[in-house]
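A.B. asks: Quick one: the structure is below, questions incoming.
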Amino acid sequence: MLHTVNKSPFDRNSLESCLKQSKDGSAILFIEDGVYGALANTKYSDMVKEAMKSRKMYALFPDIEARGMQDKVIDGIKMIDYEGFVDLVVEKNAVQSWL
Amino acid sequence: MNETTGGIAMDDESEGTIKKFMYINRKAPYGTVYALEALEVVLIAAAFDQDVSMVFCDDGVYQIVKGQHTKFIDVKNFSPTYRALEGYDVEKLYVSKESMDERGLAEDDLLVDVEIVDNAKMADLMEDQDVVLSF
Amino acid sequence: MKIGLLINEGPYQHQATDTAYLFAKAALAKGHEIDRIFFYHDGVNNSSSLTEPPQDDRNIVERWSKMAEEHNVDLVVCVAAALRRGIKDENLAAGFRISGLGQLIEAGIQADRLVTFGD
């Protein structure tokens, strides 16, 4: 399953809820303000890194770049564009948007 | 023209296909319209004979607490409708245990019969769906 | 693959509608079919023909109309949500149609994937 997160973890608990209620092997994509959850050296970085051990994490690069965060993303989170987003949707059985 | 189904003749290609639809409610009622309009979707969905389940987690659990009185905010109290869901064959209502615990809520506080599930079970249920709609 | 979209937010207020558009554009470019886009909640405001953004800004409404025309995308606006927000046939942009919530469920049944964009 693909999960998308579009909220900053500093604003809403969408990322936390997603990490707690997603299964090992699922994919998580950070989009829109959700990309602030993909950054290193924040209070949420460790939580995300822990989850990365069992889930694949992606971030929508156009959203990262728009916010000037391109040098701050956690190593190992794969940057994708909208085409990559489409590929993930096609590849996974269903999509849950953590709004 | 069928008003309920939006003019869709029920004998078209959707007939016979039964998919698992899950409606995830994560927002509190009244502050925003999502809870009400999500409920409206579920009521319509019931006409399509699909496998429907509803989830209440995060602030969504506040949608189904007892004792809602909305007279003085001049908004319709739609909480009794959750009790009517059973009549629409929407019987699978799942509530996040962790969301309940975090908010100091117990099953007794809820106005409808639900199954309270932990995060692992919720993840399993979600993974099992064909279509997940989140509000 | 057939992909359906649900858009729950209005234009200009939230990025959801831009993300949905760019997603749909990429999907079409890759040869997928965007079966239907259903506009719900404030998302119905994506269909107002009265929208007039400044000239240096993207025209979100026209963008959808153009996509509908070029790729035969079915743009459906929820009737109940639309009437609540003052969207009617007389101010409905080209390529959109107003119909019931059943169209959303049908999209979920008929499409291979349904993706929600919202707030």
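By order in the structure tokens, chains are A, B, ...; within a chain, residues start at 1; ligands start at 1, following the order shown.
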Just want the 9 Å neighbourhood of Ser26 of chain A, counted on only C-alpha atoms, with same-chain residues fewer than 4 positions away dropped. Output as an MDAnalysis selection string.

C.D. replies: (chainID A and resid 1:3 22 54:57 92) or (chainID B and resid 127)

A.B. asks: Go ahead and save the residues from that selection, with N, CA and C atoms, as a compact mmCIF listing (two decimals), in the first residue's frame.

C.D. replies:
```txt
# COMPACT_ATOMS: atom_id res chain seq x y z
N MET A 1 0.83 -1.20 0.00
CA MET A 1 0.00 0.00 0.00
C MET A 1 0.88 1.26 0.00
N LEU A 2 0.34 2.29 -0.69
CA LEU A 2 1.03 3.58 -0.68
C LEU A 2 0.31 4.53 0.27
N HIS A 3 1.07 5.16 1.14
CA HIS A 3 0.53 6.19 2.03
C HIS A 3 1.12 7.53 1.60
N SER A 22 0.66 1.93 9.45
CA SER A 22 1.05 1.37 8.15
C SER A 22 1.87 0.12 8.41
N SER A 54 11.72 -0.53 7.91
CA SER A 54 10.76 -1.52 7.42
C SER A 54 9.86 -0.99 6.30
N ARG A 55 10.00 0.29 5.97
CA ARG A 55 9.14 0.87 4.91
C ARG A 55 9.99 1.68 3.96
N LYS A 56 9.51 1.78 2.73
CA LYS A 56 10.22 2.60 1.76
C LYS A 56 9.67 4.02 1.81
N MET A 57 10.57 4.98 1.88
CA MET A 57 10.13 6.38 1.98
C MET A 57 10.53 7.16 0.74
N LYS A 92 1.35 0.04 -6.31
CA LYS A 92 0.74 -0.40 -5.05
C LYS A 92 -0.75 -0.67 -5.23
N GLU B 127 -4.72 -2.36 4.79
CA GLU B 127 -3.96 -3.03 3.73
C GLU B 127 -4.87 -3.93 2.89
```

A.B. asks: Could you find all residues in segment 63-99 of chain C that DSSP calls strand (DSSP E) from the backbone, and write them as a VMD selection string?

C.D. replies: chain C and resid 74 to 78 96 to 99

A.B. asks: Now that the selection is made, can you save its residues with N, CA and C atoms as a CSV table (one decimal), in the first residue's frame?

C.D. replies:
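Dumped to again-v3.csv:
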```csv
chain,number,residue,atom,x,y,z
C,74,ASP,N,-13.5,13.0,-17.4
C,74,ASP,CA,-14.8,13.3,-16.9
C,74,ASP,C,-14.7,14.0,-15.6
C,75,LEU,N,-15.0,15.3,-15.6
C,75,LEU,CA,-14.9,16.2,-14.4
C,75,LEU,C,-16.3,16.3,-13.7
C,76,VAL,N,-16.4,15.7,-12.6
C,76,VAL,CA,-17.7,15.6,-11.9
C,76,VAL,C,-17.7,16.4,-10.6
C,77,VAL,N,-18.7,17.3,-10.5
C,77,VAL,CA,-18.8,18.2,-9.3
C,77,VAL,C,-20.0,17.7,-8.5
C,78,CYS,N,-19.8,17.4,-7.2
C,78,CYS,CA,-20.8,16.9,-6.4
C,78,CYS,C,-22.0,18.0,-6.2
C,96,PHE,N,-16.9,20.5,-17.1
C,96,PHE,CA,-17.4,20.0,-15.8
C,96,PHE,C,-18.9,19.6,-16.0
C,97,ARG,N,-19.3,18.7,-15.1
C,97,ARG,CA,-20.7,18.4,-15.0
C,97,ARG,C,-21.1,18.2,-13.6
C,98,ILE,N,-22.3,18.6,-13.2
C,98,ILE,CA,-22.7,18.4,-11.8
C,98,ILE,C,-23.5,17.1,-11.7
C,99,SER,N,-23.2,16.3,-10.7
C,99,SER,CA,-23.9,15.1,-10.5
C,99,SER,C,-23.8,14.6,-9.1
```

A.B. asks: Check the smallest atom-to-atom distance from each of B:Arg83, B:Lys66, B:Arg26, B:Lys20 to Val52 of chain B using only C-alpha atoms, then report the winner.

C.D. replies: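 The closest residue to Val52 of chain B is B:Lys20.
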
A.B. asks: Quick check: residues of chain C within 9 Å of chain B, only C-alpha atoms, returned as a PyMOL selection string.

C.D. replies: chain C and resi 6+8+40-41+79+81+99-106+108-110+112-116+118-119

A.B. asks: For the residues in that selection, give me C-alpha atoms as an mmCIF file, in the first residue's frame.

C.D. replies:
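Dumped to selection-v1.cif:
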```cif
data_model
loop_
_atom_site.group_PDB
_atom_site.id
_atom_site.type_symbol
_atom_site.label_atom_id
_atom_site.label_comp_id
_atom_site.auth_asym_id
_atom_site.auth_seq_id
_atom_site.Cartn_x
_atom_site.Cartn_y
_atom_site.Cartn_z
ATOM 1 C CA LEU C 6 -10.995 12.791 -5.559
ATOM 2 C CA ASN C 8 -11.466 17.908 -1.683
ATOM 3 C CA TYR C 40 -16.095 17.393 -3.330
ATOM 4 C CA HIS C 41 -16.132 19.675 -0.250
ATOM 5 C CA VAL C 79 -24.306 18.476 -6.577
ATOM 6 C CA ALA C 81 -21.522 20.303 -2.131
ATOM 7 C CA SER C 99 -23.932 15.097 -10.514
ATOM 8 C CA GLY C 100 -24.454 13.001 -7.404
ATOM 9 C CA LEU C 101 -22.058 11.399 -4.947
ATOM 10 C CA GLY C 102 -22.801 8.082 -6.586
ATOM 11 C CA GLN C 103 -20.378 9.140 -9.314
ATOM 12 C CA LEU C 104 -17.574 9.055 -6.753
ATOM 13 C CA ILE C 105 -18.441 5.539 -5.636
ATOM 14 C CA GLU C 106 -18.735 4.460 -9.248
ATOM 15 C CA GLY C 108 -13.989 3.811 -7.020
ATOM 16 C CA ILE C 109 -15.577 0.700 -8.474
ATOM 17 C CA GLN C 110 -14.533 1.208 -12.085
ATOM 18 C CA ASP C 112 -8.058 0.566 -10.841
ATOM 19 C CA ARG C 113 -6.948 3.211 -8.334
ATOM 20 C CA LEU C 114 -8.642 6.106 -6.582
ATOM 21 C CA VAL C 115 -6.363 8.782 -5.165
ATOM 22 C CA THR C 116 -7.533 11.462 -2.728
ATOM 23 C CA GLY C 118 -7.241 17.154 0.177
ATOM 24 C CA ASP C 119 -6.469 18.969 3.391
#
```

A.B. asks: For the atom pair atom CA of Thr42 of chain A and atom CA of Arg12 of chain A, what is the interatomic distance in Å to one decimal place?

C.D. replies: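 These two atoms are separated by 15.0 Å.
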
A.B. asks: Output as a CSV table (one decimal) with C-alpha atoms, in the first residue's frame the set of chain A residues within 10 Å of chain B, with distances taken over only C-alpha atoms.

C.D. replies:
```
chain,number,residue,atom,x,y,z
A,1,MET,CA,0.0,0.0,0.0
A,2,LEU,CA,1.0,3.6,-0.7
A,13,ASN,CA,-0.2,14.3,13.6
A,14,SER,CA,-0.7,12.9,10.1
A,17,SER,CA,-0.7,8.3,12.6
A,18,CYS,CA,0.6,7.1,9.2
A,19,LEU,CA,3.7,5.5,10.7
A,20,LYS,CA,1.8,3.8,13.5
A,21,GLN,CA,-1.0,2.5,11.2
A,22,SER,CA,1.1,1.4,8.2
A,23,LYS,CA,2.5,-2.1,7.7
A,24,ASP,CA,6.0,-3.2,7.1
A,26,SER,CA,4.4,-0.3,2.6
A,93,ASN,CA,-2.7,-1.9,-4.5
A,94,ALA,CA,-4.3,1.1,-3.0
A,95,VAL,CA,-3.5,4.6,-1.7
A,96,GLN,CA,-4.3,6.1,1.7
A,97,SER,CA,-3.9,9.9,1.9
A,98,TRP,CA,-3.0,11.0,5.5
A,99,LEU,CA,-4.5,14.5,5.2
```

A.B. asks: For chain C, list the residues within 6 Å of chain A, counting only C-alpha atoms, and write the list as a list in words.

C.D. replies: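 Every residue of chain C that passes the 6 Å test is in Phe23, Ala26, Ala27 and Asp119 of chain C.
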
A.B. asks: Excluding Val90 of chain B and residues on its chain fewer than 3 positions from it, collect all residues at most 8 Å away from it, counting only C-alpha atoms, and give them as a ChimeraX atom specification.

C.D. replies: /B:46,52-53,85-87,93

A.B. asks: Which is closest to Val73 of chain C among C:Val44, C:Arg85, C:Asp35, C:Asp57, if we use only C-alpha atoms?

C.D. replies: C:Asp35

A.B. asks: Please identify the helix (DSSP H, G or I) residues within chain C (assignment by DSSP from backbone atoms) and present them as a PyMOL selection string.

C.D. replies: chain C and resi 16-29+41-47+60-71+79-84+89-91+102-110

A.B. asks: Emit the selected residues as a compact mmCIF listing (two decimals), in the first residue's frame, including N, CA and C atoms.

C.D. replies:
```
# COMPACT_ATOMS: atom_id res chain seq x y z
N ALA C 16 -3.52 21.17 -2.71
CA ALA C 16 -4.08 19.87 -3.12
C ALA C 16 -4.49 19.84 -4.59
N THR C 17 -5.15 20.90 -5.04
CA THR C 17 -5.65 20.90 -6.40
C THR C 17 -4.51 20.99 -7.42
N ASP C 18 -3.43 21.71 -7.07
CA ASP C 18 -2.26 21.78 -7.95
C ASP C 18 -1.57 20.42 -8.02
N THR C 19 -1.41 19.79 -6.87
CA THR C 19 -0.78 18.46 -6.84
C THR C 19 -1.59 17.48 -7.69
N ALA C 20 -2.92 17.55 -7.52
CA ALA C 20 -3.79 16.64 -8.27
C ALA C 20 -3.63 16.87 -9.77
N TYR C 21 -3.56 18.14 -10.16
CA TYR C 21 -3.43 18.46 -11.59
C TYR C 21 -2.11 17.93 -12.14
N LEU C 22 -1.03 18.18 -11.42
CA LEU C 22 0.29 17.75 -11.90
C LEU C 22 0.40 16.23 -11.92
N PHE C 23 -0.26 15.61 -10.95
CA PHE C 23 -0.31 14.14 -10.92
C PHE C 23 -1.07 13.62 -12.15
N ALA C 24 -2.24 14.22 -12.40
CA ALA C 24 -3.07 13.78 -13.53
C ALA C 24 -2.33 13.97 -14.85
N LYS C 25 -1.64 15.11 -14.98
CA LYS C 25 -0.90 15.41 -16.19
C LYS C 25 0.20 14.36 -16.42
N ALA C 26 0.90 14.02 -15.34
CA ALA C 26 1.97 13.02 -15.44
C ALA C 26 1.40 11.65 -15.79
N ALA C 27 0.26 11.33 -15.20
CA ALA C 27 -0.36 10.02 -15.47
C ALA C 27 -0.78 9.92 -16.94
N LEU C 28 -1.38 10.99 -17.43
CA LEU C 28 -1.81 10.99 -18.85
C LEU C 28 -0.61 10.88 -19.77
N ALA C 29 0.47 11.61 -19.41
CA ALA C 29 1.68 11.58 -20.24
C ALA C 29 2.28 10.17 -20.29
N HIS C 41 -16.41 18.62 -1.25
CA HIS C 41 -16.13 19.68 -0.25
C HIS C 41 -15.86 21.00 -1.01
N ASP C 42 -14.89 21.80 -0.55
CA ASP C 42 -14.57 23.04 -1.26
C ASP C 42 -13.95 22.78 -2.63
N GLY C 43 -13.64 21.55 -2.92
CA GLY C 43 -13.11 21.18 -4.23
C GLY C 43 -14.03 21.60 -5.37
N VAL C 44 -15.32 21.73 -5.06
CA VAL C 44 -16.27 22.12 -6.11
C VAL C 44 -15.94 23.50 -6.69
N ASN C 45 -15.25 24.32 -5.90
CA ASN C 45 -14.89 25.66 -6.39
C ASN C 45 -13.90 25.63 -7.55
N ASN C 46 -13.32 24.48 -7.82
CA ASN C 46 -12.47 24.32 -9.00
C ASN C 46 -13.25 24.50 -10.30
N SER C 47 -14.58 24.47 -10.21
CA SER C 47 -15.39 24.45 -11.43
C SER C 47 -16.06 25.78 -11.73
N ILE C 60 -6.36 27.88 -12.72
CA ILE C 60 -6.64 26.50 -12.31
C ILE C 60 -7.90 25.94 -12.98
N VAL C 61 -8.92 26.77 -13.08
CA VAL C 61 -10.18 26.30 -13.65
C VAL C 61 -10.01 25.98 -15.14
N GLU C 62 -9.38 26.90 -15.86
CA GLU C 62 -9.16 26.67 -17.30
C GLU C 62 -8.26 25.46 -17.56
N ARG C 63 -7.31 25.27 -16.64
CA ARG C 63 -6.40 24.14 -16.76
C ARG C 63 -7.18 22.82 -16.77
N TRP C 64 -8.17 22.72 -15.85
CA TRP C 64 -9.01 21.51 -15.81
C TRP C 64 -9.83 21.38 -17.08
N SER C 65 -10.42 22.49 -17.51
CA SER C 65 -11.27 22.45 -18.70
C SER C 65 -10.48 21.94 -19.90
N LYS C 66 -9.25 22.45 -20.01
CA LYS C 66 -8.39 22.06 -21.12
C LYS C 66 -8.05 20.56 -21.05
N MET C 67 -7.75 20.10 -19.85
CA MET C 67 -7.43 18.69 -19.67
C MET C 67 -8.63 17.81 -20.07
N ALA C 68 -9.81 18.27 -19.66
CA ALA C 68 -11.03 17.50 -19.98
C ALA C 68 -11.20 17.39 -21.49
N GLU C 69 -10.97 18.51 -22.16
CA GLU C 69 -11.17 18.55 -23.60
C GLU C 69 -10.13 17.69 -24.33
N GLU C 70 -8.88 17.84 -23.92
CA GLU C 70 -7.81 17.16 -24.63
C GLU C 70 -7.73 15.66 -24.36
N HIS C 71 -8.12 15.28 -23.15
CA HIS C 71 -7.94 13.87 -22.78
C HIS C 71 -9.24 13.17 -22.40
N VAL C 79 -23.19 17.54 -6.54
CA VAL C 79 -24.31 18.48 -6.58
C VAL C 79 -24.60 19.09 -5.20
N ALA C 80 -24.60 18.27 -4.16
CA ALA C 80 -24.94 18.79 -2.83
C ALA C 80 -23.88 19.78 -2.36
N ALA C 81 -22.61 19.42 -2.54
CA ALA C 81 -21.52 20.30 -2.13
C ALA C 81 -21.51 21.58 -2.99
N ALA C 82 -21.86 21.45 -4.26
CA ALA C 82 -21.85 22.59 -5.17
C ALA C 82 -22.95 23.59 -4.82
N LEU C 83 -24.16 23.08 -4.60
CA LEU C 83 -25.27 23.99 -4.29
C LEU C 83 -25.01 24.74 -2.99
N ARG C 84 -24.42 24.05 -2.01
CA ARG C 84 -24.09 24.72 -0.75
C ARG C 84 -23.15 25.90 -0.97
N ASP C 89 -25.23 25.22 -12.70
CA ASP C 89 -24.97 25.06 -14.14
C ASP C 89 -24.63 26.39 -14.80
N GLU C 90 -25.25 27.49 -14.29
CA GLU C 90 -25.02 28.77 -14.97
C GLU C 90 -23.60 29.33 -14.75
N ASN C 91 -22.90 28.87 -13.71
CA ASN C 91 -21.51 29.33 -13.56
C ASN C 91 -20.52 28.15 -13.55
N GLY C 102 -22.91 9.43 -6.04
CA GLY C 102 -22.80 8.08 -6.59
C GLY C 102 -21.70 7.98 -7.63
N GLN C 103 -21.43 9.12 -8.30
CA GLN C 103 -20.38 9.14 -9.31
C GLN C 103 -18.99 8.89 -8.70
N LEU C 104 -18.84 9.30 -7.46
CA LEU C 104 -17.57 9.05 -6.75
C LEU C 104 -17.42 7.56 -6.46
N ILE C 105 -18.50 6.97 -5.96
CA ILE C 105 -18.44 5.54 -5.64
C ILE C 105 -18.21 4.74 -6.91
N GLU C 106 -18.90 5.15 -7.97
CA GLU C 106 -18.73 4.46 -9.25
C GLU C 106 -17.29 4.55 -9.74
N ALA C 107 -16.69 5.72 -9.55
CA ALA C 107 -15.28 5.88 -9.94
C ALA C 107 -14.42 4.90 -9.14
N GLY C 108 -14.73 4.74 -7.86
CA GLY C 108 -13.99 3.81 -7.02
C GLY C 108 -14.14 2.38 -7.49
N ILE C 109 -15.32 2.07 -8.01
CA ILE C 109 -15.58 0.70 -8.47
C ILE C 109 -14.88 0.45 -9.82
N GLN C 110 -14.99 1.44 -10.71
CA GLN C 110 -14.53 1.21 -12.09
C GLN C 110 -13.05 1.47 -12.31
```

A.B. asks: So what do you get for atom CA of Asp71 of chain A versus atom CA of Glu16 of chain A, distance-wise?

C.D. replies: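 Computed distance, atom CA of Asp71 of chain A to atom CA of Glu16 of chain A, equals 23.3 Å.
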
A.B. asks: Provide the atom CA of Asn41 of chain A to atom CA of Ile28 of chain A distance in Å, to one decimal place.

C.D. replies: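 Computed distance, atom CA of Asn41 of chain A to atom CA of Ile28 of chain A, equals 19.4 Å.
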
A.B. asks: Excluding Ser79 of chain B and its own-chain neighbours fewer than 4 positions away, which residues fall within 8 Å of it when counting only C-alpha atoms? Please give them as a compact mmCIF listing (two decimals) with N, CA and C atoms, in the first residue's frame.

C.D. replies:
```txt
# COMPACT_ATOMS: atom_id res chain seq x y z
N GLN B 63 -16.35 12.33 16.42
CA GLN B 63 -17.59 12.34 15.62
C GLN B 63 -18.67 11.49 16.27
N ILE B 64 -18.25 10.45 16.99
CA ILE B 64 -19.25 9.48 17.48
C ILE B 64 -19.37 9.46 18.99
N GLN B 68 -23.93 15.09 21.94
CA GLN B 68 -23.74 16.27 21.09
C GLN B 68 -25.04 17.08 21.00
N ARG B 83 -26.01 6.22 14.16
CA ARG B 83 -26.79 5.08 14.68
C ARG B 83 -27.62 4.43 13.58
```
